[in-house]
file input09.cif (mmCIF, C-alpha atoms)
data_protein
loop_
_atom_site.label_atom_id
_atom_site.label_comp_id
_atom_site.auth_asym_id
_atom_site.auth_seq_id
_atom_site.Cartn_x
_atom_site.Cartn_y
_atom_site.Cartn_z
CA MET C 1 0.00 0.00 0.00
CA ARG C 2 1.36 3.40 -0.97
CA ASP C 3 2.25 5.75 1.86
CA ILE C 4 0.77 8.91 0.38
CA GLY C 5 1.78 10.97 3.41
CA ALA C 6 5.43 9.91 3.12
CA GLU C 7 5.45 10.65 -0.61
CA SER C 8 3.94 14.06 0.04
CA ARG C 9 6.54 14.86 2.68
CA ARG C 10 9.33 13.67 0.39
CA SER C 11 8.00 15.79 -2.45
CA GLY C 12 7.75 18.79 -0.15
CA THR C 13 11.33 18.31 1.02
CA GLU C 14 12.63 18.02 -2.53
CA ASP C 15 10.71 21.15 -3.54
CA LEU C 16 12.19 23.10 -0.61
CA ASP C 17 15.68 21.83 -1.45
CA GLN C 18 15.22 23.08 -5.00
CA ALA C 19 13.99 26.43 -3.68
CA ALA C 20 17.08 26.71 -1.49
CA ALA C 21 19.38 25.79 -4.39
CA THR C 22 17.75 28.42 -6.60
CA PHE C 23 18.06 31.06 -3.89
CA GLU C 24 21.73 30.27 -3.22
CA SER C 25 22.56 30.43 -6.92
CA VAL C 26 21.46 34.07 -7.13
CA ARG C 27 22.34 35.07 -3.57
CA PRO C 28 25.62 36.83 -4.50
CA ARG C 29 23.76 39.17 -6.84
CA LEU C 30 20.98 39.75 -4.30
CA PHE C 31 23.56 40.66 -1.67
CA GLY C 32 25.29 42.97 -4.12
CA ILE C 33 22.04 44.81 -4.81
CA ALA C 34 21.03 45.04 -1.16
CA TYR C 35 24.47 46.15 0.06
CA ARG C 36 24.82 48.90 -2.52
CA ILE C 37 21.38 50.29 -1.72
CA LEU C 38 21.82 50.06 2.06
CA SER C 39 25.61 50.54 2.49
CA SER C 40 25.41 48.01 5.31
CA ALA C 41 26.39 44.37 5.10
CA THR C 42 24.52 43.63 8.32
CA GLU C 43 21.28 45.15 7.04
CA ALA C 44 21.78 43.44 3.66
CA GLU C 45 22.16 40.04 5.33
CA ASP C 46 19.04 40.63 7.45
CA LEU C 47 17.14 41.64 4.34
CA LEU C 48 18.19 38.49 2.45
CA GLN C 49 16.90 36.39 5.31
CA ASP C 50 13.53 38.09 4.82
CA VAL C 51 13.72 37.47 1.07
CA TRP C 52 14.41 33.76 1.69
CA LEU C 53 11.42 33.45 4.03
CA ARG C 54 9.17 35.06 1.43
CA TRP C 55 10.56 32.82 -1.32
CA GLN C 56 10.08 29.79 0.88
CA ALA C 57 6.41 30.62 1.49
CA TYR C 58 5.62 31.84 -2.05
CA ASP C 59 3.75 29.83 -4.67
CA ARG C 60 6.94 29.21 -6.63
CA GLY C 61 5.13 27.32 -9.38
CA THR C 62 3.80 30.66 -10.62
CA VAL C 63 7.29 32.14 -11.03
CA THR C 64 8.77 31.78 -14.51
CA ASP C 65 12.07 33.57 -13.77
CA PRO C 66 13.17 33.03 -10.14
CA GLY C 67 16.25 35.24 -10.46
CA ALA C 68 14.23 38.19 -11.71
CA PHE C 69 11.57 37.60 -9.07
CA LEU C 70 14.08 37.49 -6.22
CA ALA C 71 15.93 40.58 -7.49
CA THR C 72 12.63 42.44 -7.55
CA VAL C 73 11.73 41.41 -4.01
CA THR C 74 15.24 42.31 -2.79
CA THR C 75 15.19 45.75 -4.40
CA ARG C 76 11.74 46.67 -3.12
CA LEU C 77 12.56 45.53 0.40
CA ALA C 78 15.86 47.43 0.25
CA ILE C 79 14.06 50.64 -0.73
CA ASN C 80 11.70 50.24 2.23
CA THR C 81 14.56 49.37 4.59
CA LEU C 82 16.60 52.38 3.47
CA GLN C 83 13.72 54.71 4.24
CA SER C 84 13.66 53.55 7.85
CA ALA C 85 17.46 53.28 8.07
CA ARG C 86 17.83 56.95 7.23
CA VAL C 87 15.82 57.89 10.30
CA ARG C 88 18.30 55.95 12.44
CA ARG C 89 21.28 57.53 10.69
CA GLU C 90 19.98 61.01 11.50
CA THR C 91 20.50 60.26 15.20
CA TYR C 92 23.83 58.45 14.70
CA VAL C 93 26.63 59.76 16.91
CA GLY C 94 29.19 61.49 14.68
CA PRO C 95 29.69 60.96 10.94
CA TRP C 96 28.00 57.88 9.48
CA LEU C 97 30.14 55.87 7.06
CA PRO C 98 29.23 52.75 5.04
CA GLU C 99 29.92 49.41 6.66
CA PRO C 100 33.08 47.97 5.03
CA VAL C 101 33.08 44.63 3.21
CA ASP C 102 36.05 42.44 2.38
CA THR C 103 36.44 42.29 -1.41
CA SER C 104 39.87 40.66 -1.53
CA ASN C 105 38.30 37.58 -3.10
CA ASP C 106 34.87 39.13 -3.80
CA PRO C 107 33.15 36.13 -2.20
CA HIS C 108 29.81 37.80 -1.61
CA LEU C 109 29.23 40.75 -3.90
CA GLY C 110 29.32 38.74 -7.11
CA ALA C 111 28.59 41.71 -9.33
CA GLU C 112 29.58 41.79 -12.97
CA ARG C 113 30.81 45.34 -12.48
CA GLY C 114 32.42 47.22 -9.61
CA GLU C 115 30.36 50.40 -9.74
CA ALA C 116 28.63 51.82 -6.66
CA LEU C 117 30.87 49.87 -4.32
CA GLY C 118 33.64 52.31 -3.33
CA PHE C 119 33.18 54.47 -0.25
CA ALA C 120 33.19 57.80 -2.10
CA VAL C 121 30.30 56.78 -4.35
CA LEU C 122 28.35 55.13 -1.51
CA LEU C 123 28.60 58.36 0.46
CA LEU C 124 27.26 60.34 -2.49
CA LEU C 125 24.44 57.81 -2.95
CA GLU C 126 23.32 58.69 0.58
CA LYS C 127 22.17 62.03 -0.83
CA LEU C 128 19.78 60.38 -3.30
CA SER C 129 16.23 59.27 -2.66
CA PRO C 130 15.87 55.52 -2.01
CA THR C 131 14.17 54.95 -5.39
CA GLU C 132 16.76 57.05 -7.23
CA ARG C 133 19.52 55.13 -5.52
CA ALA C 134 18.00 51.76 -6.39
CA ALA C 135 17.60 52.73 -10.05
CA TYR C 136 21.22 53.91 -10.21
CA VAL C 137 22.54 50.73 -8.57
CA LEU C 138 20.58 48.42 -10.86
CA ARG C 139 21.73 50.29 -13.95
CA GLU C 140 25.35 51.13 -13.12
CA ALA C 141 26.39 48.11 -11.06
CA PHE C 142 24.30 45.39 -12.70
CA ASP C 143 23.54 46.80 -16.15
CA TYR C 144 19.80 46.14 -15.91
CA PRO C 145 17.81 47.42 -18.91
CA TYR C 146 15.73 50.52 -18.17
CA ARG C 147 12.54 48.60 -18.92
CA ARG C 148 13.40 45.95 -16.33
CA ILE C 149 14.28 48.57 -13.71
CA ALA C 150 10.93 50.24 -14.39
CA GLU C 151 9.16 46.97 -13.62
CA ILE C 152 11.14 46.47 -10.42
CA ILE C 153 10.60 49.92 -8.91
CA GLU C 154 7.12 50.29 -10.44
CA ALA C 155 7.78 53.41 -12.48
CA SER C 156 7.69 54.34 -16.15
CA GLU C 157 10.76 53.73 -18.29
CA ALA C 158 11.04 57.48 -18.92
CA ALA C 159 11.00 58.14 -15.18
CA VAL C 160 13.74 55.57 -14.62
CA ARG C 161 15.94 57.19 -17.26
CA GLN C 162 15.51 60.51 -15.48
CA LEU C 163 16.32 58.97 -12.09
CA VAL C 164 19.54 57.40 -13.36
CA SER C 165 20.53 60.53 -15.28
CA ARG C 166 20.06 62.76 -12.23
CA ALA C 167 22.06 60.35 -10.09
CA ARG C 168 24.91 60.24 -12.60
CA LYS C 169 25.03 64.02 -12.83
CA ARG C 170 25.03 64.48 -9.07
CA ILE C 171 27.81 61.98 -8.53
CA GLY C 172 29.81 63.37 -11.43
CA SER C 173 29.49 66.95 -10.23
CA GLU C 174 30.41 66.22 -6.61
CA ARG C 175 33.37 63.94 -7.15
CA ARG C 176 36.64 64.49 -8.97
CA ALA C 177 37.93 61.84 -11.34
CA PRO C 178 39.50 59.15 -9.11
CA VAL C 179 43.08 57.96 -9.43
CA THR C 180 43.96 54.41 -10.41
CA ARG C 181 43.80 51.61 -7.86
CA ALA C 182 47.61 51.46 -7.81
CA GLU C 183 47.91 55.19 -7.13
CA GLN C 184 45.22 55.05 -4.44
CA ARG C 185 47.17 52.33 -2.68
CA ARG C 186 50.42 54.32 -3.00
CA LEU C 187 48.80 57.40 -1.49
CA LEU C 188 47.23 55.37 1.32
CA THR C 189 50.57 53.73 2.15
CA ALA C 190 52.29 57.12 2.21
CA PHE C 191 49.48 58.59 4.30
CA VAL C 192 49.68 55.85 6.93
CA ALA C 193 53.45 56.28 7.18
CA ALA C 194 53.15 60.07 7.54
CA ALA C 195 50.26 59.79 10.03
CA ARG C 196 52.16 57.31 12.15
CA ALA C 197 55.21 59.57 12.21
CA GLY C 198 53.13 62.68 12.86
CA ASP C 199 54.91 64.28 9.90
CA LEU C 200 52.95 67.49 9.32
CA ALA C 201 54.76 68.48 6.13
CA ALA C 202 54.41 65.03 4.55
CA LEU C 203 50.72 64.94 5.40
CA GLU C 204 50.06 68.35 3.88
CA GLU C 205 51.91 67.28 0.74
CA LEU C 206 49.61 64.28 0.31
CA LEU C 207 46.31 66.01 1.04
CA ALA C 208 44.14 68.00 -1.35
CA SER C 209 43.53 71.54 -0.14
CA ASP C 210 39.85 70.79 0.57
CA VAL C 211 40.34 67.29 2.01
CA ILE C 212 37.77 66.01 4.51
CA SER C 213 38.55 63.54 7.28
CA TYR C 214 35.59 61.48 8.57
CA SER C 215 35.80 59.39 11.76
CA ASP C 216 33.01 56.88 12.36
CA GLY C 217 33.06 55.72 15.96
CA GLY C 218 29.29 55.62 16.42
CA GLY C 219 29.68 56.79 20.00
CA ALA C 220 31.18 53.42 20.93
CA VAL C 221 34.83 54.56 20.80
CA ARG C 222 36.59 57.90 20.99
CA ALA C 223 36.53 59.59 17.58
CA SER C 224 35.95 63.06 16.20
CA ARG C 225 32.21 63.71 16.05
CA ILE C 226 32.53 66.30 13.30
CA PRO C 227 34.38 66.09 9.96
CA VAL C 228 37.74 67.85 9.83
CA VAL C 229 38.17 69.97 6.69
CA GLY C 230 41.20 71.42 4.93
CA ALA C 231 44.74 70.16 4.40
CA PHE C 232 46.37 72.04 7.28
CA ARG C 233 43.59 71.28 9.76
CA VAL C 234 43.52 67.59 8.88
CA ALA C 235 47.30 67.29 9.04
CA LYS C 236 47.40 69.11 12.38
CA TYR C 237 44.54 66.98 13.74
CA ILE C 238 46.30 63.74 12.76
CA ARG C 239 49.62 64.88 14.20
CA ALA C 240 47.93 65.82 17.49
CA PHE C 241 46.96 62.22 18.31
CA ALA C 242 49.82 60.42 16.55
CA ASP C 243 51.83 59.53 19.67
CA ARG C 244 49.00 57.91 21.63
CA PHE C 245 46.94 56.51 18.73
CA TRP C 246 49.69 54.65 16.88
CA ALA C 247 51.56 53.24 19.88
CA GLY C 248 51.68 49.46 19.57
CA VAL C 249 49.56 49.46 16.40
CA GLU C 250 50.27 46.90 13.68
CA VAL C 251 49.18 47.59 10.10
CA GLU C 252 47.78 45.01 7.68
CA TRP C 253 46.69 45.72 4.13
CA ALA C 254 43.39 44.58 2.68
CA ASP C 255 41.05 45.10 -0.24
CA VAL C 256 37.87 46.67 1.14
CA ASN C 257 34.98 47.84 -1.03
CA GLY C 258 37.21 47.43 -4.05
CA GLN C 259 39.97 49.72 -2.77
CA ALA C 260 43.09 49.44 -0.65
CA ALA C 261 42.58 49.84 3.09
CA ALA C 262 44.77 49.65 6.17
CA LEU C 263 43.63 47.42 9.02
CA LEU C 264 45.00 48.80 12.27
CA ARG C 265 45.37 46.27 15.09
CA HIS C 266 46.35 46.67 18.71
CA ASP C 267 47.13 43.51 20.67
CA GLY C 268 45.54 41.53 17.87
CA GLU C 269 42.22 43.41 18.06
CA LEU C 270 41.05 45.41 15.04
CA LEU C 271 41.14 49.04 16.11
CA ALA C 272 40.24 50.80 12.87
CA VAL C 273 39.95 50.46 9.13
CA VAL C 274 41.50 53.40 7.28
CA THR C 275 41.19 54.21 3.61
CA VAL C 276 41.41 57.24 1.34
CA ASP C 277 39.73 58.50 -1.78
CA ALA C 278 42.00 60.48 -4.08
CA SER C 279 42.18 62.45 -7.32
CA ASP C 280 44.88 64.36 -9.17
CA GLU C 281 44.50 67.01 -6.45
CA GLY C 282 45.71 64.53 -3.83
CA ILE C 283 43.80 62.76 -1.07
CA ASP C 284 40.24 64.13 -1.09
CA GLN C 285 38.81 62.03 1.75
CA VAL C 286 40.26 60.19 4.70
CA LEU C 287 37.91 57.62 6.22
CA TRP C 288 38.45 56.23 9.73
CA LEU C 289 36.04 53.35 10.37
CA MET C 290 36.23 52.62 14.09
CA ASN C 291 32.75 51.53 15.21
CA PRO C 292 33.24 47.94 16.49
CA ALA C 293 29.76 47.01 15.28
CA LYS C 294 30.76 47.87 11.72
CA ILE C 295 34.27 46.46 11.54
CA GLY C 296 33.68 43.28 13.55
CA ALA C 297 32.80 41.14 10.53
CA LEU C 298 35.85 42.44 8.64
CA SER C 299 38.05 41.55 11.60
CA ALA C 300 36.72 37.99 11.57
CA ALA C 301 37.15 37.71 7.80
CA SER C 302 40.71 38.99 7.88
#

call {"tool": "encode", "arguments": {"input": "input09.cif", "output": "structure tokens"}}
result
Amino acid sequence: MRDIGAESRRSGTEDLDQAAATFESVRPRLFGIAYRILSSATEAEDLLQDVWLRWQAYDRGTVTDPGAFLATVTTRLAINTLQSARVRRETYVGPWLPEPVDTSNDPHLGAERGEALGFAVLLLLEKLSPTERAAYVLREAFDYPYRRIAEIIEASEAAVRQLVSRARKRIGSERRAPVTRAEQRRLLTAFVAAARAGDLAALEELLASDVISYSDGGGAVRASRIPVVGAFRVAKYIRAFADRFWAGVEVEWADVNGQAAALLRHDGELLAVVTVDASDEGIDQVLWLMNPAKIGALSAAS
């Protein structure tokens, strides 16, 4: 006699296994979309858990293109999440910087292109509306056709073209042409050496005249709660804490968000992640990521 119940359970298990396999096959892209829209790996991971639960409970037999369906769900949830995340960021203690991700082997991002991943662009994307940001990410980082983006964000194709165009113009107008990856690493290496030595002249030589230094401690560690602006002010600020900050610090080099970064450790514990954004003018931004909640995952990965 056939055990219909057992067959049903077996069929259900096989169907769920297939659902999990499908989800995992597109998960790198989903993470890449969510991270770029949210600038937070933690929030992106939480969001993907929600996407999986929805996929698990959905009538999957009605879905003809699972990858497209899951990308749509991810993008829409990311837009909603960003709207609430911005409220939290308004009350954040000190400058808010994107949560860094290890891209040395690019194990998670899985994007065909590297756009909208570097810190400078992510910071500029913070100035866009959530929908404008999503449209830009889908187009520039994943090369989605305008028609497909329109379906995802539920807008007209003409509106999507305008959203992406405005985003491109804003980013282009507020950021100088970046240097090559090799030059960025050279400048970062020279900056770390000068900062560690407290060499005021060397620091000023490396910095653009309008450089901005951001320190993200989130109120959890001691860090400047306002950006420091201008080559002389930044150099003087860095020299002022050189003796006590760098004592006993070991420096490791890593690839973070597609750019060179210095991992600063004290007694084996990750103290800070430091990186720079630069142009032909010199170092335009110095980013000190020090909030333990943000750099903890990077410490484990490294």

call {"tool": "residues_around", "arguments": {"input": "input09.cif", "residues": "Phe241 (chain C)", "least_positions_apart": "5", "cutoff": "10 Å", "atoms": "all atoms listed in the file", "output": "PyMOL selection string"}}
result
chain C and resi 195-196+198+236+246

call {"tool": "resolve_selection", "arguments": {"input": "input09.cif", "expression": "the PyMOL selection byres ((chain C and resi 115-130) around 7)", "output": "ChimeraX atom specification"}}
result
/C:36,39,79,82-83,98,113-114,131-134,137,140-141,171,257-259,277

call {"tool": "resolve_selection", "arguments": {"input": "input09.cif", "expression": "the PyMOL selection byres ((chain C and resi 266-270) around 9)", "output": "list in words"}}
result
Trp246, Ala247, Gly248, Val249, Glu250, Leu263, Leu264, Arg265, Leu271, Ala272, Val273, Met290, Pro292, Ile295, Gly296, Leu298 and Ser299 of chain C

call {"tool": "resolve_selection", "arguments": {"input": "input09.cif", "expression": "the PyMOL selection byres ((chain C and resi 54) around 12)", "output": "MDAnalysis selection string"}}
result
chainID C and resid 19:20 23 47:53 55:60 69:70 73:74 77

call {"tool": "axis_aligned_box", "arguments": {"input": "input09.cif", "around": "region 150-157 of chain C", "padding_each_side": "5 Å", "output": "lines of an AutoDock Vina configuration file"}}
result
center_x = 9.1
center_y = 50.4
center_z = -13.6
size_x = 14.0
size_y = 17.9
size_z = 19.4

call {"tool": "residues_near_point", "arguments": {"input": "input09.cif", "point": "(23.1, 45.2, -8.4)", "cutoff": "7 Å", "atoms": "only C-alpha atoms", "output": "list in words"}}
result
Arg29, Gly32, Ile33, Ala111, Val137, Leu138, Ala141 and Phe142 of chain C

call {"tool": "write_last_selection", "arguments": {"input": "input09.cif", "atoms": "C-alpha atoms", "output": "PDB file, keeping the file's coordinate frame"}}
result
ATOM      1  CA  ARG C  29      23.760  39.170  -6.840  1.00  0.00           C
ATOM      2  CA  GLY C  32      25.290  42.970  -4.120  1.00  0.00           C
ATOM      3  CA  ILE C  33      22.040  44.810  -4.810  1.00  0.00           C
ATOM      4  CA  ALA C 111      28.590  41.710  -9.330  1.00  0.00           C
ATOM      5  CA  VAL C 137      22.540  50.730  -8.570  1.00  0.00           C
ATOM      6  CA  LEU C 138      20.580  48.420 -10.860  1.00  0.00           C
ATOM      7  CA  ALA C 141      26.390  48.110 -11.060  1.00  0.00           C
ATOM      8  CA  PHE C 142      24.300  45.390 -12.700  1.00  0.00           C
TER       9      PHE C 142
END

call {"tool": "residues_around", "arguments": {"input": "input09.cif", "residues": "Thr81 (chain C)", "least_positions_apart": "6", "cutoff": "10 Å", "atoms": "all atoms listed in the file", "output": "VMD selection string"}}
result
chain C and resid 34 37 to 38 43 to 44 47 75 130

call {"tool": "write_last_selection", "arguments": {"input": "input09.cif", "atoms": "C-alpha atoms", "output": "tab-separated table (two decimals), keeping the file's coordinate frame"}}
result
chain	number	residue	atom	x	y	z
C	34	ALA	CA	21.03	45.04	-1.16
C	37	ILE	CA	21.38	50.29	-1.72
C	38	LEU	CA	21.82	50.06	2.06
C	43	GLU	CA	21.28	45.15	7.04
C	44	ALA	CA	21.78	43.44	3.66
C	47	LEU	CA	17.14	41.64	4.34
C	75	THR	CA	15.19	45.75	-4.40
C	130	PRO	CA	15.87	55.52	-2.01

call {"tool": "closest_residue", "arguments": {"input": "input09.cif", "among": "C:Ala242, C:Ala201, C:Val101, C:Val164", "to": "Leu289 (chain C)", "atoms": "only C-alpha atoms"}}
result
C:Val101

call {"tool": "atom_distance", "arguments": {"input": "input09.cif", "atom1": "CA of Asp255 (chain C)", "atom2": "CA of Asp284 (chain C)"}}
result
19.1 Å

call {"tool": "closest_residue", "arguments": {"input": "input09.cif", "among": "C:Pro145, C:Gly94, C:Gly172, C:Gly282", "to": "Asp210 (chain C)", "atoms": "only C-alpha atoms"}}
result
C:Gly282

call {"tool": "closest_residue", "arguments": {"input": "input09.cif", "among": "C:Val251, C:Ala220, C:Leu200, C:Ala68", "to": "Phe232 (chain C)", "atoms": "all atoms listed in the file"}}
result
C:Leu200

call {"tool": "closest_residue", "arguments": {"input": "input09.cif", "among": "C:Ala135, C:Ile226, C:Ala297, C:Ala197", "to": "Ala240 (chain C)", "atoms": "all atoms listed in the file"}}
result
C:Ala197

call {"tool": "closest_residue", "arguments": {"input": "input09.cif", "among": "C:Ser40, C:Thr22, C:Ser209, C:Ala223", "to": "Asp65 (chain C)", "atoms": "all atoms listed in the file"}}
result
C:Thr22

call {"tool": "residues_around", "arguments": {"input": "input09.cif", "residues": "Ala182 (chain C)", "least_positions_apart": "2", "cutoff": "12 Å", "atoms": "only C-alpha atoms", "output": "PDB file with C-alpha atoms, in the frame of the given file"}}
result
ATOM      1  CA  PRO C 178      39.500  59.150  -9.110  1.00  0.00           C
ATOM      2  CA  VAL C 179      43.080  57.960  -9.430  1.00  0.00           C
ATOM      3  CA  THR C 180      43.960  54.410 -10.410  1.00  0.00           C
ATOM      4  CA  GLN C 184      45.220  55.050  -4.440  1.00  0.00           C
ATOM      5  CA  ARG C 185      47.170  52.330  -2.680  1.00  0.00           C
ATOM      6  CA  ARG C 186      50.420  54.320  -3.000  1.00  0.00           C
ATOM      7  CA  LEU C 187      48.800  57.400  -1.490  1.00  0.00           C
ATOM      8  CA  LEU C 188      47.230  55.370   1.320  1.00  0.00           C
ATOM      9  CA  THR C 189      50.570  53.730   2.150  1.00  0.00           C
ATOM     10  CA  ASP C 255      41.050  45.100  -0.240  1.00  0.00           C
ATOM     11  CA  GLY C 258      37.210  47.430  -4.050  1.00  0.00           C
ATOM     12  CA  GLN C 259      39.970  49.720  -2.770  1.00  0.00           C
ATOM     13  CA  ALA C 260      43.090  49.440  -0.650  1.00  0.00           C
ATOM     14  CA  ALA C 278      42.000  60.480  -4.080  1.00  0.00           C
TER      15      ALA C 278
END

call {"tool": "atom_distance", "arguments": {"input": "input09.cif", "atom1": "CA of Leu203 (chain C)", "atom2": "CA of Ala235 (chain C)"}}
result
5.5 Å

call {"tool": "decode", "arguments": {"input": "input09.cif", "residues": "region 37-46 of chain C", "atoms": "all heavy atoms", "output": "PDB file, in the first residue's frame"}}
result
ATOM      1  N   ILE C  37      22.490  49.395  -2.042  1.00  0.00           N
ATOM      2  CA  ILE C  37      21.380  50.294  -1.723  1.00  0.00           C
ATOM      3  C   ILE C  37      21.438  50.707  -0.254  1.00  0.00           C
ATOM      4  O   ILE C  37      21.156  51.872   0.081  1.00  0.00           O
ATOM      5  CB  ILE C  37      20.027  49.622  -2.039  1.00  0.00           C
ATOM      6  CG1 ILE C  37      19.902  49.381  -3.555  1.00  0.00           C
ATOM      7  CG2 ILE C  37      18.863  50.488  -1.549  1.00  0.00           C
ATOM      8  CD1 ILE C  37      18.640  48.630  -3.953  1.00  0.00           C
ATOM      9  N   LEU C  38      21.858  49.796   0.625  1.00  0.00           N
ATOM     10  CA  LEU C  38      21.820  50.062   2.060  1.00  0.00           C
ATOM     11  C   LEU C  38      23.150  50.519   2.646  1.00  0.00           C
ATOM     12  O   LEU C  38      23.179  51.091   3.742  1.00  0.00           O
ATOM     13  CB  LEU C  38      21.361  48.799   2.799  1.00  0.00           C
ATOM     14  CG  LEU C  38      19.964  48.278   2.435  1.00  0.00           C
ATOM     15  CD1 LEU C  38      19.720  46.931   3.117  1.00  0.00           C
ATOM     16  CD2 LEU C  38      18.904  49.284   2.831  1.00  0.00           C
ATOM     17  N   SER C  39      24.268  50.229   1.981  1.00  0.00           N
ATOM     18  CA  SER C  39      25.610  50.538   2.495  1.00  0.00           C
ATOM     19  C   SER C  39      25.896  49.846   3.819  1.00  0.00           C
ATOM     20  O   SER C  39      26.704  50.318   4.610  1.00  0.00           O
ATOM     21  CB  SER C  39      25.800  52.056   2.656  1.00  0.00           C
ATOM     22  OG  SER C  39      25.889  52.690   1.415  1.00  0.00           O
ATOM     23  N   SER C  40      25.210  48.751   4.065  1.00  0.00           N
ATOM     24  CA  SER C  40      25.407  48.015   5.312  1.00  0.00           C
ATOM     25  C   SER C  40      25.315  46.524   5.030  1.00  0.00           C
ATOM     26  O   SER C  40      24.267  46.039   4.586  1.00  0.00           O
ATOM     27  CB  SER C  40      24.353  48.417   6.348  1.00  0.00           C
ATOM     28  OG  SER C  40      24.365  47.525   7.448  1.00  0.00           O
ATOM     29  N   ALA C  41      26.399  45.818   5.301  1.00  0.00           N
ATOM     30  CA  ALA C  41      26.394  44.375   5.096  1.00  0.00           C
ATOM     31  C   ALA C  41      25.452  43.689   6.083  1.00  0.00           C
ATOM     32  O   ALA C  41      24.773  42.724   5.747  1.00  0.00           O
ATOM     33  CB  ALA C  41      27.812  43.824   5.253  1.00  0.00           C
ATOM     34  N   THR C  42      25.392  44.207   7.303  1.00  0.00           N
ATOM     35  CA  THR C  42      24.515  43.627   8.318  1.00  0.00           C
ATOM     36  C   THR C  42      23.055  43.750   7.907  1.00  0.00           C
ATOM     37  O   THR C  42      22.287  42.778   7.978  1.00  0.00           O
ATOM     38  CB  THR C  42      24.734  44.323   9.673  1.00  0.00           C
ATOM     39  OG1 THR C  42      26.100  44.188  10.057  1.00  0.00           O
ATOM     40  CG2 THR C  42      23.843  43.709  10.741  1.00  0.00           C
ATOM     41  N   GLU C  43      22.661  44.937   7.467  1.00  0.00           N
ATOM     42  CA  GLU C  43      21.282  45.145   7.036  1.00  0.00           C
ATOM     43  C   GLU C  43      20.982  44.344   5.772  1.00  0.00           C
ATOM     44  O   GLU C  43      19.866  43.837   5.601  1.00  0.00           O
ATOM     45  CB  GLU C  43      21.023  46.631   6.803  1.00  0.00           C
ATOM     46  CG  GLU C  43      21.024  47.452   8.091  1.00  0.00           C
ATOM     47  CD  GLU C  43      20.860  48.941   7.832  1.00  0.00           C
ATOM     48  OE1 GLU C  43      20.911  49.360   6.655  1.00  0.00           O
ATOM     49  OE2 GLU C  43      20.680  49.700   8.804  1.00  0.00           O
ATOM     50  N   ALA C  44      21.973  44.216   4.886  1.00  0.00           N
ATOM     51  CA  ALA C  44      21.778  43.439   3.663  1.00  0.00           C
ATOM     52  C   ALA C  44      21.556  41.966   3.990  1.00  0.00           C
ATOM     53  O   ALA C  44      20.691  41.309   3.399  1.00  0.00           O
ATOM     54  CB  ALA C  44      22.979  43.602   2.735  1.00  0.00           C
ATOM     55  N   GLU C  45      22.328  41.436   4.936  1.00  0.00           N
ATOM     56  CA  GLU C  45      22.159  40.035   5.332  1.00  0.00           C
ATOM     57  C   GLU C  45      20.789  39.813   5.972  1.00  0.00           C
ATOM     58  O   GLU C  45      20.120  38.805   5.706  1.00  0.00           O
ATOM     59  CB  GLU C  45      23.266  39.617   6.301  1.00  0.00           C
ATOM     60  CG  GLU C  45      24.659  39.509   5.674  1.00  0.00           C
ATOM     61  CD  GLU C  45      24.792  38.301   4.758  1.00  0.00           C
ATOM     62  OE1 GLU C  45      23.826  37.531   4.607  1.00  0.00           O
ATOM     63  OE2 GLU C  45      25.884  38.141   4.182  1.00  0.00           O
ATOM     64  N   ASP C  46      20.369  40.741   6.826  1.00  0.00           N
ATOM     65  CA  ASP C  46      19.043  40.626   7.446  1.00  0.00           C
ATOM     66  C   ASP C  46      17.946  40.658   6.388  1.00  0.00           C
ATOM     67  O   ASP C  46      16.956  39.909   6.467  1.00  0.00           O
ATOM     68  CB  ASP C  46      18.822  41.766   8.441  1.00  0.00           C
ATOM     69  CG  ASP C  46      19.678  41.621   9.692  1.00  0.00           C
ATOM     70  OD1 ASP C  46      20.189  40.515   9.940  1.00  0.00           O
ATOM     71  OD2 ASP C  46      19.830  42.619  10.413  1.00  0.00           O
TER      72      ASP C  46
END
